[in-house]
Amino acid sequence: MNVNGVEHPAPIDPRRLLADHLRHDLGLTGTHVGCEHGVCGCCTVLLDGEPVRSCLMLGVQAEGHEITTIEGLARDGEPLHPVQQAFHECHGLQCGFCTPGFVMSVVGLLARHPQPTAQQIEEGIAGNLCRCTGYASIRRAVSRAVELRAK
Amino acid sequence: MPRRRDARDLKPPPFQYHTPATVHEACSLLGSLEDAKVLAGGQSLIPLLNFRLARPKHLVDINGIAALDRIYERDGGVAVQALVRQAAVEDSEVVARICPLLSSAITLVAHRVIRNRGTVCGSLAHADPASELPAVLLALGGRVVARSARGERTIAADQFFVGVFETALAPDELLVEAWFPASRQPSLILEESRRHGDFALAGVVRADDRLALFGVAPTPVLADPRDPARGLEPSGDLEATTDFRLHLVRVLADKAFAA
């Protein structure tokens, strides 16, 4: 499987979840694991460009596919991805645990709706939980990301 | 001290993993293996594995089967094959034209990120009593096509949902396609849930003069629009009492038929 542009072998054990494979085998700990049953959204990654829950996929199922994790959005030393920049500017995070999942969901949302309506933004982030309840800032960050992408 | 997470962590219980390349191969696996589960989108099955609530001996992953992801017009309705993701149905112009009821119901299924992976046929085969798509199939009088090494059969929606998480599929059968009749106006789906994307406390589907209910019985059920709660005995839980669910059925059905 291709992860952030680099080819990796699939996990040996089919019971290995994609989220655990990314974190433990590849050391990509930016993908967070919260509820482990698809509710919290922390583990969201892009599968061939579309956001999916990496805790609800077996690692072996990613064989032959492209995975993008939060680490793949902007390399070290490069400018932040517009969505990351927007979260930074708008304080779209407090403790930061949910942030990688929110960012990946929003990247997927804006790929589908480059100019989302307020309702599309709300629905786009509805599948991610922020236990700091920083939703107002997160919503602002999405709007700001729309502006930054347009530049 | 809690044990530190390490490289040996495996959440799902032990299973043997099979990746058939064709429907034929999948059916012969299902016919020969004891205690096998089909893995399609995995958005319901993998949580059950992660919690070890399901412990199948074998997983038959159908995601590698080619040409099983078509949405097409057939017999005045729309057919949705086993690997069609819910997101593809949501975006499908064919579905929007022929069966707009299905298009609108899909948007109530969890969240887009889940729908990117979850399949329509998987939702039907999983048969969660609170899920939307089984009730849509029932309200429309749709059918599913089941294939096995023994052959193929068509099962009508009113024969398909047997109990909680239980369908008429035999252990050796693969649900290869669902067929939704064209939805005629007025058709709509209404549900009440605690949060957007949650399972419904109760929901109703109106397809012309037919009414199906979900979340209030072990399976989706057809009901009389003039007395929709008759004979129902929904369970009560932390989310909603029995009486509240019955109230929701009456209110939602009234709304659906006032529209």
# chains A, B, ... in the order shown; residues from 1 in each chain; ligands from 1
>>> residues_around(residues="Ser235 (chain B)", least_positions_apart="2", cutoff="8 Å", atoms="only C-alpha atoms", output="list in words")
Val216, Ala217, Glu233, Asp237, Thr241 and Thr242 of chain B
>>> select_by_dssp(residues="region 2-200 of chain B", states="helix (DSSP H, G or I)", output="NGL selection string")
:B and (23-32 or 45-50 or 62-64 or 86-91 or 93-98 or 100-106 or 112-115 or 120-126 or 132-140 or 157-160)
>>> closest_atom_pairs(of="chain A", to="chain B", cutoff="8 Å", atoms="only C-alpha atoms", output="CSV")
residue,atom,partner,partner_atom,distance
A:Pro14,CA,B:Tyr17,CA,6.7
A:Arg15,CA,B:Pro12,CA,5.8
A:Arg16,CA,B:Leu10,CA,5.5
A:Leu17,CA,B:Leu10,CA,7.3
A:Asp20,CA,B:Asp9,CA,7.6
A:His24,CA,B:Ala7,CA,5.3
A:Asp25,CA,B:Ala7,CA,6.7
A:Glu36,CA,B:Asn50,CA,7.1
A:His37,CA,B:Pro47,CA,4.6
A:Gly38,CA,B:Pro47,CA,7.1
A:Glu50,CA,B:Asn116,CA,7.0
A:Pro51,CA,B:Val113,CA,5.5
A:Val52,CA,B:Val113,CA,5.1
A:Arg53,CA,B:Val113,CA,7.0
A:Leu56,CA,B:Ile46,CA,5.5
A:Met57,CA,B:Gly42,CA,6.9
A:Ser105,CA,B:Val113,CA,7.3
A:Glu123,CA,B:His111,CA,7.7
A:Gly124,CA,B:Arg112,CA,7.3
A:Ala126,CA,B:His196,CA,7.0
A:Gly127,CA,B:His111,CA,5.6
>>> select_by_dssp(residues="chain A", states="strand (DSSP E)", output="list in words")
Asn2, Val3, Val6, Glu7, Thr44, Val45, Leu46, Leu47, Glu50, Pro51, Val52, Arg53, Glu66, Ile67 and Thr68 of chain A
>>> atom_distance(atom1="CA of Ser148 (chain B)", atom2="CA of Thr22 (chain B)")
12.3 Å
>>> closest_residue(among="B:Phe257, B:Phe165, B:Phe214, B:Phe160", to="Ser187 (chain B)", atoms="only C-alpha atoms")
B:Phe257
>>> atom_distance(atom1="CA of Ser137 (chain A)", atom2="CA of Gly92 (chain A)")
4.8 Å
>>> residues_around(residues="Tyr135 (chain A)", least_positions_apart="4", cutoff="12 Å", atoms="only C-alpha atoms", output="PyMOL selection string")
chain A and resi 87+90-94+98-99+102+121-122+125-126+128-131+139-142
>>> residues_around(residues="region 203-208 of chain B", least_positions_apart="4", cutoff="7 Å", atoms="only C-alpha atoms", output="ChimeraX atom specification")
/B:135-136,139-140,183-192,212-215,249,252-253,256
>>> write_last_selection(atoms="N, CA and C atoms", output="mmCIF file, in the first residue's frame")
data_model
loop_
_atom_site.group_PDB
_atom_site.id
_atom_site.type_symbol
_atom_site.label_atom_id
_atom_site.label_comp_id
_atom_site.auth_asym_id
_atom_site.auth_seq_id
_atom_site.Cartn_x
_atom_site.Cartn_y
_atom_site.Cartn_z
ATOM 1 N N ALA B 135 -36.031 -0.390 5.867
ATOM 2 C CA ALA B 135 -37.409 0.134 5.863
ATOM 3 C C ALA B 135 -37.770 0.726 4.500
ATOM 4 N N VAL B 136 -36.775 1.322 3.843
ATOM 5 C CA VAL B 136 -37.023 1.871 2.502
ATOM 6 C C VAL B 136 -37.339 0.731 1.532
ATOM 7 N N ALA B 139 -40.865 -0.526 2.364
ATOM 8 C CA ALA B 139 -41.938 0.398 1.980
ATOM 9 C C ALA B 139 -42.162 0.368 0.470
ATOM 10 N N LEU B 140 -41.071 0.261 -0.277
ATOM 11 C CA LEU B 140 -41.184 0.276 -1.737
ATOM 12 C C LEU B 140 -41.591 -1.083 -2.305
ATOM 13 N N SER B 183 -39.614 5.204 -6.934
ATOM 14 C CA SER B 183 -40.465 5.793 -5.900
ATOM 15 C C SER B 183 -41.360 6.844 -6.536
ATOM 16 N N ARG B 184 -42.646 6.708 -6.249
ATOM 17 C CA ARG B 184 -43.595 7.685 -6.777
ATOM 18 C C ARG B 184 -43.896 8.716 -5.704
ATOM 19 N N GLN B 185 -44.207 9.925 -6.137
ATOM 20 C CA GLN B 185 -44.544 10.964 -5.174
ATOM 21 C C GLN B 185 -45.949 10.700 -4.647
ATOM 22 N N PRO B 186 -46.253 10.987 -3.408
ATOM 23 C CA PRO B 186 -45.296 11.473 -2.406
ATOM 24 C C PRO B 186 -44.567 10.317 -1.703
ATOM 25 N N SER B 187 -43.276 10.479 -1.623
ATOM 26 C CA SER B 187 -42.452 9.520 -0.901
ATOM 27 C C SER B 187 -41.494 10.285 -0.020
ATOM 28 N N LEU B 188 -41.368 9.865 1.210
ATOM 29 C CA LEU B 188 -40.417 10.555 2.080
ATOM 30 C C LEU B 188 -40.056 9.704 3.284
ATOM 31 N N ILE B 189 -38.961 10.075 3.904
ATOM 32 C CA ILE B 189 -38.514 9.378 5.105
ATOM 33 C C ILE B 189 -38.342 10.427 6.203
ATOM 34 N N LEU B 190 -38.847 10.098 7.379
ATOM 35 C CA LEU B 190 -38.703 10.997 8.526
ATOM 36 C C LEU B 190 -38.222 10.173 9.716
ATOM 37 N N GLU B 191 -37.304 10.723 10.478
ATOM 38 C CA GLU B 191 -36.861 10.001 11.670
ATOM 39 C C GLU B 191 -36.520 10.986 12.768
ATOM 40 N N GLU B 192 -36.489 10.466 13.973
ATOM 41 C CA GLU B 192 -36.083 11.279 15.115
ATOM 42 C C GLU B 192 -34.867 10.593 15.725
ATOM 43 N N ALA B 212 -43.861 2.228 6.103
ATOM 44 C CA ALA B 212 -43.007 1.288 6.837
ATOM 45 C C ALA B 212 -42.392 2.024 8.015
ATOM 46 N N LEU B 213 -42.207 1.291 9.115
ATOM 47 C CA LEU B 213 -41.644 1.879 10.331
ATOM 48 C C LEU B 213 -40.312 1.213 10.637
ATOM 49 N N PHE B 214 -39.408 1.964 11.254
ATOM 50 C CA PHE B 214 -38.155 1.336 11.707
ATOM 51 C C PHE B 214 -37.794 1.838 13.099
ATOM 52 N N GLY B 215 -37.026 1.008 13.798
ATOM 53 C CA GLY B 215 -36.597 1.361 15.153
ATOM 54 C C GLY B 215 -37.622 1.031 16.230
ATOM 55 N N VAL B 249 -43.892 7.460 16.492
ATOM 56 C CA VAL B 249 -44.462 6.795 15.316
ATOM 57 C C VAL B 249 -45.715 7.546 14.848
ATOM 58 N N LEU B 252 -44.692 11.142 13.492
ATOM 59 C CA LEU B 252 -43.953 11.110 12.233
ATOM 60 C C LEU B 252 -44.847 10.613 11.088
ATOM 61 N N ALA B 253 -45.703 9.615 11.388
ATOM 62 C CA ALA B 253 -46.590 9.097 10.349
ATOM 63 C C ALA B 253 -47.591 10.186 9.925
ATOM 64 N N ALA B 256 -45.792 12.580 7.752
ATOM 65 C CA ALA B 256 -45.487 12.006 6.440
ATOM 66 C C ALA B 256 -46.708 12.008 5.547
#
>>> residues_around(residues="Ser123 (chain B)", least_positions_apart="6", cutoff="8 Å", atoms="only C-alpha atoms", output="ChimeraX atom specification")
/B:131,133-134
>>> atom_distance(atom1="CA of Ala10 (chain A)", atom2="CA of Gln61 (chain A)")
8.4 Å
>>> residues_around(residues="Thr29 (chain A)", least_positions_apart="3", cutoff="10 Å", atoms="only C-alpha atoms", output="short mmCIF file (atom, residue, chain, number, x, y, z; two decimals) with C-alpha atoms, in the first residue's frame")
data_model
loop_
_atom_site.label_atom_id
_atom_site.label_comp_id
_atom_site.auth_asym_id
_atom_site.auth_seq_id
_atom_site.Cartn_x
_atom_site.Cartn_y
_atom_site.Cartn_z
CA ALA A 19 -5.35 2.55 12.33
CA ASP A 20 -3.09 0.30 14.42
CA HIS A 21 -0.96 -0.55 11.40
CA LEU A 22 -0.36 3.14 10.68
CA ARG A 23 0.48 3.91 14.29
CA HIS A 24 2.37 0.87 15.51
CA ASP A 25 3.95 -0.60 12.39
CA LEU A 26 4.63 2.57 10.39
CA HIS A 32 -5.37 9.09 16.60
CA VAL A 33 -7.49 6.28 17.96
CA THR A 69 -2.61 10.56 6.87
CA ILE A 70 -2.25 13.90 8.64
CA GLU A 71 1.53 13.56 8.21
#
>>> residues_around(residues="Gln159 (chain B)", least_positions_apart="6", cutoff="12 Å", atoms="only C-alpha atoms", output="JSON, numbers by chain")
{"B": [134, 137, 138, 141, 142, 143, 144, 166, 167, 168, 169, 219, 220, 221]}
>>> closest_residue(among="A:Asn4, A:Pro9, A:Thr31, A:Leu109", to="Ile67 (chain A)", atoms="only C-alpha atoms")
A:Asn4
